[in-house]
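Engineer: First, the structure itself, so that you have it in front of you.
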Amino acid sequence: MKPAARLERVYREHGDRLWRAVLAFAGDPEVASDAVAEAFAQALRRGDEIREPDRWVWRAAFRIARGELKARRDRGQSFPLREERYGMDTETVELIEALRRLPTKQRASVVLHHGGGYPIREVALIIGSTPAAVRVHLSRGRRRLRDLMGGDDG
Amino acid sequence: MADLETRFRRLDGVRGPDLWPDIETREPRSMPEAGAGRRVAAGAVALLLAAGGALLVARAFLGGDRAVERPVRPAESPPAPVDPVVDVTLPIKWPSSIVYGEGSIWVAASANDGTGAGTVYRIDPDTAEILAEIEVPSVPGWEVGGGGMEVAHGSVWVAGYLDDGDQGALLRVDVATNSLADVIPLGGQFAGDVAIDQHGVWVTVFAEPSVELVRLDQATLTIDTRASLDVDWAREILAVEGQLWVRTTQGAISKIDPLSGDVVQRVDVPGGLTSLTTFEGAIWGATWKASEGNLLARIDAATGEVVLLPAETLGFLVESGPSGLWGRWDPGIRGTLGVARFDPASGRVDASVALEGGNQPVAMAVASGSLWVTGYEEGVTRIELRPQ
């Protein structure tokens, strides 16, 4: 299979889930769309040199989104969530708003683990951290979300 | 977290745009290759090594004239009320020493394989994230109480040994690169403690027939003073207010002439000492007298004058930092041990927290918004200091 065709298959299998995860992480659909498109475009350009394109695009998309959020912070910009275009219900909006209030690595850990279904070791690889640190991020992130959303923690 | 999982599943109902047409036609922006940062860092390290002599000279100019003592709170500002809350325990095995400096918590942990080697962990004090793990050939070997490690001028200094205990050594970890930068053999058998002041890097070296106090030039890392302390045991080196003291017996500290390394004064503390730290320009110790129970000793760094304060619940350990003067807390309740902050004016406890399961804190480090405690066999616990 040619690299472009292989990558399109990865996009069709992972693209939507990845977009939602980056949306939950970034809190902005525009950032999510740009980060996912840019990650796949980068992967497309690299062709055969990427051995695990699915893992690669997840890592790249989160890194790009993180960079964009930092650039916005540095510019003093903040964007309201434009949920109406994506048919989000109130609880989903509440989740994304709560996630936006977590520190970056806590948010990434929660989104990748609880939203993306990645095991802790994979989360550590994607966000460039250690499994022990991811456990701490998850524990704190869940606690903070519970406080913010008022839900039970099961 | 059932509620959170459910909320994420609701997110599954949100449909994103089809980005593939954009992906196919998009001109990618430049993005650093994975690992490029590491390669740059490795190159920088190579350059640093190549230019070692020049940089050592530069370091002397950058940091040579600054006295380094533990951070202290100005005496006129009372400690802000805090509510200490046990936060998280990192499962680090065999932690032997812990210090706070350069914005990080540093933990030395033994490999416990008989070689003396181990790992220095760098931890973010705010998030408890392990930022780096640095393999080192030796870690401080004190059973309890920590010590043997200090942070100053962009370096973590570790007292240890080489060659199966046939040679004391000082290790330098570069904070900028999170890597072992220097291993300096010191003779003797092993190094006990390290402190840094405006005169250089001071290390106690256990040797025959006496413990020696060695001073290294910070710029060249060569030994420029070596003096016998005329004792067979020594513990903390304390650099405070331009003065240098070393605990030379269980119950006495000795003032050192910083130019010659010679002992110029000895102060005996009634009841003996189990732990020492520096805080607000003075030396503070944990002590005990049969007639009065546990006491906090304040020793004037300039004169050696000792003032004892009642501190009924103070255990054997004291430590200080930006958040105050803390110690091991033993309230006399069976199975309850923890840490507490002691008012330096009265010795009274103004904040305390018990550690789960009666875990015995064996060493501590005090950061700005958190307190860190090591267990004996395992565990580095973060205690959050919440403002009241």
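To be explicit about the labels: the chains of the structure tokens are called A, B, and onward in the order shown, and within each one the residues are counted from 1, while ligands get numbers from 1 in the order they are shown.
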Please provide as number ranges by chain all residues within 8 Å of Gly27 in chain A, with the sequence filter that same-chain residues fewer than 5 positions apart are discarded (counting only C-alpha atoms).
Structural biologist: A: 22, 81, 96-97, 99-100
Engineer: If we count only C-alpha atoms, what is near range 125-142 of chain A at a cut-off of 8 Å, once residues fewer than 2 positions away on the same chain are taken out, given as a VMD selection string?
Structural biologist: (chain A and resid 55 58 to 59 62 to 63 102 105 to 110 120 to 123 144 to 146 153) or (chain B and resid 1 88 90 127 to 131)
Engineer: Could you take the residues named above and write them with C-alpha atoms, as a PDB file, in the first residue's frame?
Structural biologist:
ATOM      1  CA  ARG A  55       0.790   6.759  17.046  1.00  0.00           C
ATOM      2  CA  TRP A  58      -1.650  11.422  17.806  1.00  0.00           C
ATOM      3  CA  ARG A  59       1.636  12.649  19.228  1.00  0.00           C
ATOM      4  CA  PHE A  62      -1.264  17.068  20.546  1.00  0.00           C
ATOM      5  CA  ARG A  63       2.116  18.767  20.193  1.00  0.00           C
ATOM      6  CA  LEU A 102      -6.801  21.961  34.030  1.00  0.00           C
ATOM      7  CA  LYS A 105      -0.355  17.860  31.111  1.00  0.00           C
ATOM      8  CA  GLN A 106      -3.226  16.974  33.425  1.00  0.00           C
ATOM      9  CA  ARG A 107      -5.667  17.800  30.657  1.00  0.00           C
ATOM     10  CA  ALA A 108      -3.734  15.827  28.047  1.00  0.00           C
ATOM     11  CA  SER A 109      -3.459  12.823  30.379  1.00  0.00           C
ATOM     12  CA  VAL A 110      -7.187  12.802  31.186  1.00  0.00           C
ATOM     13  CA  ILE A 120      -0.903   5.056  30.936  1.00  0.00           C
ATOM     14  CA  ARG A 121       2.370   3.989  29.284  1.00  0.00           C
ATOM     15  CA  GLU A 122       1.094   5.134  25.875  1.00  0.00           C
ATOM     16  CA  VAL A 123      -0.128   8.424  27.333  1.00  0.00           C
ATOM     17  CA  ARG A 144     -10.205  18.745  39.851  1.00  0.00           C
ATOM     18  CA  LEU A 145     -12.851  17.780  37.292  1.00  0.00           C
ATOM     19  CA  ARG A 146     -14.980  16.308  40.041  1.00  0.00           C
ATOM     20  CA  ASP A 153     -15.895   9.661  40.748  1.00  0.00           C
TER      21      ASP A 153
ATOM     22  CA  MET B   1     -14.680   7.519  37.281  1.00  0.00           C
ATOM     23  CA  VAL B  88       0.615  12.146  46.479  1.00  0.00           C
ATOM     24  CA  LEU B  90       5.799   8.794  44.316  1.00  0.00           C
ATOM     25  CA  THR B 127       2.904  18.966  39.889  1.00  0.00           C
ATOM     26  CA  ALA B 128       4.966  16.109  41.431  1.00  0.00           C
ATOM     27  CA  GLU B 129       6.034  15.191  37.928  1.00  0.00           C
ATOM     28  CA  ILE B 130       9.401  13.456  37.654  1.00  0.00           C
ATOM     29  CA  LEU B 131      11.241  15.714  35.233  1.00  0.00           C
TER      30      LEU B 131
END
Engineer: Report the distance between CA of Ala109 in chain B and CA of Asp163 in chain B in Å, rounded to one decimal place.
Structural biologist: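 Interatomic distance, CA of Ala109 in chain B to CA of Asp163 in chain B: 18.7 Å.
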Engineer: Write out as a PDB file with N, CA and C atoms, in the first residue's frame which residues come within 6 Å of range 95-97 of chain B when counting only C-alpha atoms, dropping same-chain ones fewer than 3 positions away.
Structural biologist:
ATOM      1  N   VAL B 107      15.845  14.282  44.617  1.00  0.00           N
ATOM      2  CA  VAL B 107      15.871  13.114  45.498  1.00  0.00           C
ATOM      3  C   VAL B 107      16.986  12.183  45.034  1.00  0.00           C
ATOM      4  N   ALA B 108      17.860  11.798  45.951  1.00  0.00           N
ATOM      5  CA  ALA B 108      18.861  10.783  45.641  1.00  0.00           C
ATOM      6  C   ALA B 108      18.340   9.460  46.180  1.00  0.00           C
ATOM      7  N   ALA B 109      18.319   8.454  45.327  1.00  0.00           N
ATOM      8  CA  ALA B 109      17.809   7.143  45.739  1.00  0.00           C
ATOM      9  C   ALA B 109      18.831   6.071  45.404  1.00  0.00           C
ATOM     10  N   GLY B 146      18.566  12.337  55.869  1.00  0.00           N
ATOM     11  CA  GLY B 146      18.973  12.950  54.613  1.00  0.00           C
ATOM     12  C   GLY B 146      20.367  13.527  54.711  1.00  0.00           C
ATOM     13  N   GLY B 147      20.617  14.611  53.949  1.00  0.00           N
ATOM     14  CA  GLY B 147      21.939  15.235  53.938  1.00  0.00           C
ATOM     15  C   GLY B 147      22.796  14.689  52.820  1.00  0.00           C
TER      16      GLY B 147
END
Engineer: With a cut-off of 7 Å, could you pull out the residues of chain B touching chain A and give me the nearest pair of atoms for each, distance in Å to one decimal, using only C-alpha atoms, ordered by chain and ascending number, as JSON lines?
Structural biologist:
{"residue": "B:Met1", "atom": "CA", "partner": "A:Asp153", "partner_atom": "CA", "distance": 4.3}
{"residue": "B:Ala2", "atom": "CA", "partner": "A:Gly154", "partner_atom": "CA", "distance": 5.1}
{"residue": "B:Asp3", "atom": "CA", "partner": "A:Asp152", "partner_atom": "CA", "distance": 6.1}
{"residue": "B:Glu5", "atom": "CA", "partner": "A:His114", "partner_atom": "CA", "distance": 6.2}
{"residue": "B:Arg7", "atom": "CA", "partner": "A:Thr92", "partner_atom": "CA", "distance": 6.4}
{"residue": "B:Phe8", "atom": "CA", "partner": "A:Gly115", "partner_atom": "CA", "distance": 5.5}
{"residue": "B:Arg10", "atom": "CA", "partner": "A:Thr92", "partner_atom": "CA", "distance": 6.5}
{"residue": "B:Leu11", "atom": "CA", "partner": "A:Thr92", "partner_atom": "CA", "distance": 5.9}
{"residue": "B:Val14", "atom": "CA", "partner": "A:Met88", "partner_atom": "CA", "distance": 6.2}
{"residue": "B:Arg15", "atom": "CA", "partner": "A:Tyr86", "partner_atom": "CA", "distance": 6.5}
{"residue": "B:Gly16", "atom": "CA", "partner": "A:Asp16", "partner_atom": "CA", "distance": 6.0}
{"residue": "B:Leu19", "atom": "CA", "partner": "A:Ala37", "partner_atom": "CA", "distance": 6.1}
{"residue": "B:Asp22", "atom": "CA", "partner": "A:Ala37", "partner_atom": "CA", "distance": 6.8}
{"residue": "B:Ile23", "atom": "CA", "partner": "A:Ala41", "partner_atom": "CA", "distance": 5.0}
{"residue": "B:Glu24", "atom": "CA", "partner": "A:Ala41", "partner_atom": "CA", "distance": 6.8}
{"residue": "B:Arg26", "atom": "CA", "partner": "A:Ala41", "partner_atom": "CA", "distance": 6.4}
{"residue": "B:Pro28", "atom": "CA", "partner": "A:Gln42", "partner_atom": "CA", "distance": 5.6}
{"residue": "B:Glu129", "atom": "CA", "partner": "A:Ala133", "partner_atom": "CA", "distance": 4.7}
{"residue": "B:Ile130", "atom": "CA", "partner": "A:Ala133", "partner_atom": "CA", "distance": 6.0}
Engineer: Any idea what the distance is between CA of Phe190 in chain B and CA of Met364 in chain B?
Structural biologist: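 If I compute the distance from CA of Phe190 in chain B to CA of Met364 in chain B, I get 22.8 Å.
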Engineer: If you run DSSP on the backbone here, which positions in range 136-371 of chain B get strand (DSSP E or B)? Please write them as JSON, numbers by chain.
Structural biologist: {"B": [136, 149, 150, 151, 152, 155, 156, 157, 158, 159, 160, 161, 162, 167, 168, 169, 170, 171, 172, 173, 174, 179, 180, 181, 182, 183, 184, 185, 186, 187, 190, 191, 192, 193, 194, 195, 196, 197, 200, 201, 202, 203, 204, 205, 206, 212, 213, 214, 215, 216, 223, 224, 225, 226, 227, 228, 237, 238, 239, 240, 243, 244, 245, 246, 247, 248, 249, 252, 253, 254, 255, 256, 263, 264, 265, 266, 267, 268, 275, 276, 277, 278, 279, 282, 283, 284, 285, 286, 287, 288, 289, 293, 294, 295, 296, 297, 298, 299, 300, 306, 307, 308, 309, 310, 314, 315, 316, 317, 318, 319, 320, 321, 324, 325, 326, 327, 328, 329, 338, 339, 340, 341, 342, 349, 350, 351, 352, 353, 354, 363, 364, 365, 366, 370, 371]}
Engineer: To test your reading of the structure, identify every residue in range 86-116 of chain A that backbone DSSP assigns to alpha helix (DSSP H), and report it as an NGL selection string.
Structural biologist: :A and (90-100 or 104-110)
Engineer: When you look at Ala354 in chain B with a cut-off of 7 Å (counting only C-alpha atoms), what residues show up, excluding the ones that are within fewer than 4 positions of it in the same chain? I need them as a PyMOL selection string.
Structural biologist: chain B and resi 336-339
